[in-house]
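What follows is the content of run-v9.txt (compact mmCIF, C-alpha atoms).
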```
# COMPACT_ATOMS: atom_id res chain seq x y z
CA MET A 1 30.24 63.29 25.90
CA ASP A 2 34.00 62.82 25.78
CA GLN A 3 36.21 61.47 28.58
CA ALA A 4 37.48 64.92 29.58
CA ALA A 5 33.90 66.13 30.12
CA ARG A 6 33.05 63.02 32.18
CA ASP A 7 36.20 63.51 34.28
CA GLU A 8 35.26 67.16 34.85
CA ILE A 9 31.82 66.14 36.12
CA CYS A 10 33.44 63.82 38.66
CA ARG A 11 35.64 66.63 39.98
CA LEU A 12 32.91 69.24 40.41
CA PRO A 13 31.77 70.22 43.89
CA ALA A 14 28.19 69.07 44.49
CA THR A 15 27.00 72.69 44.58
CA GLU A 16 28.45 73.43 41.15
CA LEU A 17 27.18 70.17 39.69
CA ALA A 18 23.67 70.90 41.01
CA ALA A 19 23.81 74.41 39.53
CA ARG A 20 24.91 73.12 36.11
CA ILE A 21 22.19 70.46 36.16
CA SER A 22 19.54 73.05 37.11
CA ARG A 23 20.70 75.20 34.15
CA SER A 24 20.47 72.10 31.88
CA GLU A 25 24.19 72.34 31.06
CA ILE A 26 24.63 68.76 32.30
CA SER A 27 21.85 66.21 32.49
CA PRO A 28 21.30 64.10 35.61
CA VAL A 29 21.81 61.02 33.43
CA GLU A 30 25.18 62.31 32.15
CA ALA A 31 26.30 63.06 35.71
CA THR A 32 25.20 59.66 36.96
CA ASP A 33 26.81 57.80 34.06
CA ALA A 34 30.09 59.70 34.54
CA VAL A 35 30.22 58.81 38.23
CA LEU A 36 29.22 55.19 37.64
CA GLU A 37 31.93 54.88 34.97
CA ARG A 38 34.51 56.23 37.40
CA MET A 39 33.25 53.87 40.12
CA ALA A 40 33.66 50.90 37.76
CA ALA A 41 37.17 52.00 36.79
CA LEU A 42 38.51 52.60 40.31
CA ASP A 43 36.55 50.49 42.73
CA GLY A 44 38.39 47.26 42.00
CA VAL A 45 41.42 48.91 43.62
CA LEU A 46 39.72 51.12 46.20
CA GLY A 47 36.85 48.93 47.41
CA ALA A 48 34.85 52.00 48.36
CA TYR A 49 31.49 50.64 47.16
CA CYS A 50 30.29 47.35 48.60
CA THR A 51 26.94 47.52 46.80
CA PRO A 52 26.89 49.53 43.58
CA ALA A 53 23.35 50.29 42.38
CA PRO A 54 23.71 51.39 38.75
CA ASP A 55 20.21 50.39 37.62
CA HIS A 56 18.61 52.11 40.60
CA ALA A 57 20.78 55.20 40.00
CA ARG A 58 20.00 55.44 36.29
CA ALA A 59 16.26 55.11 36.90
CA ARG A 60 16.41 57.85 39.53
CA ALA A 61 18.52 60.09 37.25
CA ARG A 62 15.96 59.69 34.45
CA ALA A 63 13.14 60.59 36.87
CA VAL A 64 15.00 63.75 37.93
CA ALA A 65 15.67 64.62 34.27
CA ASP A 66 11.96 64.20 33.53
CA ARG A 67 11.05 66.58 36.36
CA ILE A 68 13.49 69.17 35.04
CA ALA A 69 12.15 68.75 31.48
CA ARG A 70 8.61 69.38 32.75
CA GLY A 71 9.78 72.59 34.43
CA GLU A 72 9.21 71.22 37.91
CA ASP A 73 11.42 71.98 40.88
CA ALA A 74 13.64 68.90 41.08
CA GLY A 75 15.29 69.97 44.35
CA ARG A 76 18.50 71.58 45.51
CA LEU A 77 20.47 68.38 44.88
CA ALA A 78 18.74 67.61 41.58
CA GLY A 79 20.77 64.97 39.76
CA VAL A 80 23.75 64.99 42.12
CA PRO A 81 25.07 61.42 42.52
CA ILE A 82 25.72 60.36 46.12
CA GLY A 83 26.99 57.27 47.90
CA VAL A 84 25.34 56.17 51.13
CA LYS A 85 27.30 54.49 53.92
CA ASP A 86 26.34 50.84 54.28
CA LEU A 87 25.23 51.56 57.85
CA ILE A 88 22.26 53.65 56.62
CA THR A 89 19.14 51.95 55.25
CA THR A 90 18.22 52.47 51.60
CA LYS A 91 14.93 51.32 50.16
CA GLY A 92 15.51 48.61 47.59
CA ILE A 93 19.32 48.62 47.97
CA ARG A 94 21.05 46.03 50.15
CA THR A 95 22.21 47.34 53.54
CA THR A 96 24.59 44.92 55.28
CA SER A 97 26.19 47.10 57.97
CA GLY A 98 29.30 45.12 57.05
CA SER A 99 27.96 42.05 58.88
CA PRO A 100 27.09 38.51 57.81
CA ALA A 101 23.96 38.88 59.98
CA TYR A 102 22.59 41.36 57.38
CA GLU A 103 24.30 40.04 54.25
CA ASP A 104 21.02 39.77 52.32
CA PHE A 105 19.00 42.55 53.98
CA VAL A 106 17.19 44.83 51.53
CA PRO A 107 15.23 47.51 53.43
CA ASP A 108 11.71 48.50 52.42
CA GLU A 109 12.25 52.10 53.49
CA ASP A 110 14.93 54.76 53.48
CA ASP A 111 16.55 56.16 56.59
CA ILE A 112 15.48 59.80 57.10
CA VAL A 113 18.78 61.20 55.77
CA VAL A 114 18.38 59.23 52.53
CA GLU A 115 14.72 60.15 52.31
CA ARG A 116 15.60 63.84 52.56
CA ALA A 117 18.49 63.64 50.11
CA VAL A 118 16.32 61.86 47.54
CA ALA A 119 13.50 64.38 48.12
CA ALA A 120 16.07 67.09 47.34
CA GLY A 121 16.83 65.34 44.03
CA ALA A 122 19.98 63.37 44.88
CA VAL A 123 20.71 60.16 42.99
CA VAL A 124 21.92 57.26 45.16
CA ILE A 125 24.56 55.37 43.17
CA GLY A 126 25.31 52.69 45.77
CA LYS A 127 26.42 51.82 49.26
CA THR A 128 29.89 52.66 50.54
CA ASN A 129 31.82 50.10 52.53
CA ALA A 130 31.90 50.24 56.33
CA SER A 131 33.46 48.42 59.22
CA GLU A 132 31.11 45.87 60.75
CA PHE A 133 28.39 47.88 62.50
CA GLY A 134 30.67 50.94 62.24
CA TYR A 135 32.88 49.77 65.10
CA SER A 136 36.19 50.74 63.51
CA ALA A 137 37.65 53.44 61.31
CA THR A 138 39.54 51.03 59.06
CA GLY A 139 36.81 49.86 56.67
CA HIS A 140 37.46 46.17 57.38
CA ASN A 141 34.52 43.77 57.66
CA PRO A 142 33.94 40.06 57.05
CA LEU A 143 31.87 40.58 53.87
CA PHE A 144 33.86 42.83 51.56
CA PRO A 145 37.48 43.72 50.79
CA ALA A 146 38.87 46.54 52.89
CA THR A 147 38.53 50.05 51.53
CA ARG A 148 41.84 51.53 50.38
CA ASN A 149 43.07 55.11 50.62
CA PRO A 150 43.04 56.62 47.09
CA TRP A 151 46.29 58.51 47.73
CA ASN A 152 48.12 55.51 49.18
CA THR A 153 46.43 52.15 48.61
CA ALA A 154 48.67 50.52 51.24
CA LEU A 155 46.56 52.41 53.80
CA THR A 156 42.90 52.53 54.70
CA PRO A 157 41.07 55.86 54.43
CA GLY A 158 40.43 55.79 58.19
```
Step by step, read the file and then write its structure as structure tokens.
Amino acid sequence: MDQAARDEICRLPATELAARISRSEISPVEATDAVLERMAALDGVLGAYCTPAPDHARARARAVADRIARGEDAGRLAGVPIGVKDLITTKGIRTTSGSPAYEDFVPDEDDIVVERAVAAGAVVIGKTNASEFGYSATGHNPLFPATRNPWNTALTPG
């Protein structure tokens, strides 16, 4: 897949991406790899992801692809990559809530919203940065660099 095709995947609305994946026009692995590549390219500047989970995401994308290949219903969000706010627990992926108190916390279960998204076929690619315990709209916390606004990196997205 060339760069233009990977860029297109990253710009698709989730509904369109899910439809293309369900029609086998794009594989869940291709979609996940395109998004992970974009994350790697931009996150050093934006700081949006405090805990990327590429191995977890690729394994999940392969599992969704296998379900599709077997003709099973892979869900309405089959293969759609998503980020989960670092305030929401994710099984097997560190959840810090932006606080040193939880710096090494890796939950053994998903919060219900993650559980439902994964059941619908979504692929969790990592945790997005948050203010400590969600107490501010700026994205500042003592663990990770502040998140920057992609349209003006002198500002926060909040």
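Minimum atom-to-atom distances from A:Gly121, A:Pro28, A:Gly47, A:Gly98 to Arg62 of chain A were compared using all atoms listed in the file, and the lowest value belongs to A:Pro28.
Atom pair atom CA of Ala34 of chain A / atom CA of Asp2 of chain A has a distance of 10.1 Å (rounded to one decimal).
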Practice problem: Could you check how far atom CA of Ala18 of chain A sits from atom CA of Pro81 of chain A, in Å to one decimal? | Solution: 9.7 Å
Practice problem: State, in Å with one decimal place, the distance from atom CA of Val124 of chain A to atom CA of Ala57 of chain A. | Solution: 5.7 Å
Practice problem: For each of A:Leu46, A:Val64, A:Ala4, A:Ala119, take the minimum atom-to-atom distance to Asn152 of chain A, counting all atoms listed in the file, then give the residue where this is smallest. | Solution: A:Leu46
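Minimum atom-to-atom distances from A:Val106, A:Ala146, A:Leu77, A:Ala130 to Val118 of chain A were compared using only C-alpha atoms, and the lowest value belongs to A:Leu77.
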Find the residues around Tyr135 of chain A up to 12 Å (all atoms listed in the file counted), leave out those fewer than 2 positions away in its own chain, and share them as a PDB file with C-alpha atoms, in the frame of the given file.
```
ATOM      1  CA  LEU A  87      25.230  51.560  57.850  1.00  0.00           C
ATOM      2  CA  SER A  97      26.190  47.100  57.970  1.00  0.00           C
ATOM      3  CA  GLY A  98      29.300  45.120  57.050  1.00  0.00           C
ATOM      4  CA  SER A  99      27.960  42.050  58.880  1.00  0.00           C
ATOM      5  CA  ALA A 130      31.900  50.240  56.330  1.00  0.00           C
ATOM      6  CA  SER A 131      33.460  48.420  59.220  1.00  0.00           C
ATOM      7  CA  GLU A 132      31.110  45.870  60.750  1.00  0.00           C
ATOM      8  CA  PHE A 133      28.390  47.880  62.500  1.00  0.00           C
ATOM      9  CA  ALA A 137      37.650  53.440  61.310  1.00  0.00           C
ATOM     10  CA  THR A 138      39.540  51.030  59.060  1.00  0.00           C
ATOM     11  CA  GLY A 139      36.810  49.860  56.670  1.00  0.00           C
ATOM     12  CA  HIS A 140      37.460  46.170  57.380  1.00  0.00           C
ATOM     13  CA  ASN A 141      34.520  43.770  57.660  1.00  0.00           C
ATOM     14  CA  GLY A 158      40.430  55.790  58.190  1.00  0.00           C
TER      15      GLY A 158
END
```
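Taking only C-alpha atoms into account, Gly126 of chain A lies nearest to A:Gly83 out of the set A:Ala154, A:Val114, A:Ala101, A:Gly83.
Near Lys91 of chain A, within 9 Å and counting only C-alpha atoms, sit Val106, Pro107, Asp108, Glu109, Asp110, Asp111 and Val114 of chain A, not including residues fewer than 6 positions from it in the same chain.
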Quiz item: Which is closer to Gly92 of chain A than all the others in A:Asp55, A:Asp73, A:Glu37, A:Asp66, using all atoms listed in the file?
Solution: A:Asp55
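Distances from A:Pro145, A:Gly44, A:Gly79, A:Pro100 to Arg60 of chain A were compared using all atoms listed in the file, and the smallest one belongs to A:Gly79.
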Quiz item: What lies within 12 Å of Leu42 of chain A using all atoms listed in the file, ignoring chain neighbours under 6 positions off, as a ChimeraX atom specification?
Solution: /A:35-36,48-49,147-150,153
Practice problem: Show me as a PyMOL selection string the residues that reach within 6 Å of (29.1, 64.3, 34.2), counting all atoms listed in the file and using the file's own coordinates. | Solution: chain A and resi 6+9+30-31+34
Practice problem: Identify, on the basis of only C-alpha atoms, every residue whose closest approach to Ile82 of chain A does not exceed 7 Å; exclude the query and any residue fewer than 5 positions from it along the same chain; express the result as a ChimeraX atom specification. | Solution: /A:122-125
Residues just named, written with C-alpha atoms as a PDB file, keeping the file's coordinate frame:
```pdb
ATOM      1  CA  ALA A 122      19.980  63.370  44.880  1.00  0.00           C
ATOM      2  CA  VAL A 123      20.710  60.160  42.990  1.00  0.00           C
ATOM      3  CA  VAL A 124      21.920  57.260  45.160  1.00  0.00           C
ATOM      4  CA  ILE A 125      24.560  55.370  43.170  1.00  0.00           C
TER       5      ILE A 125
END
```
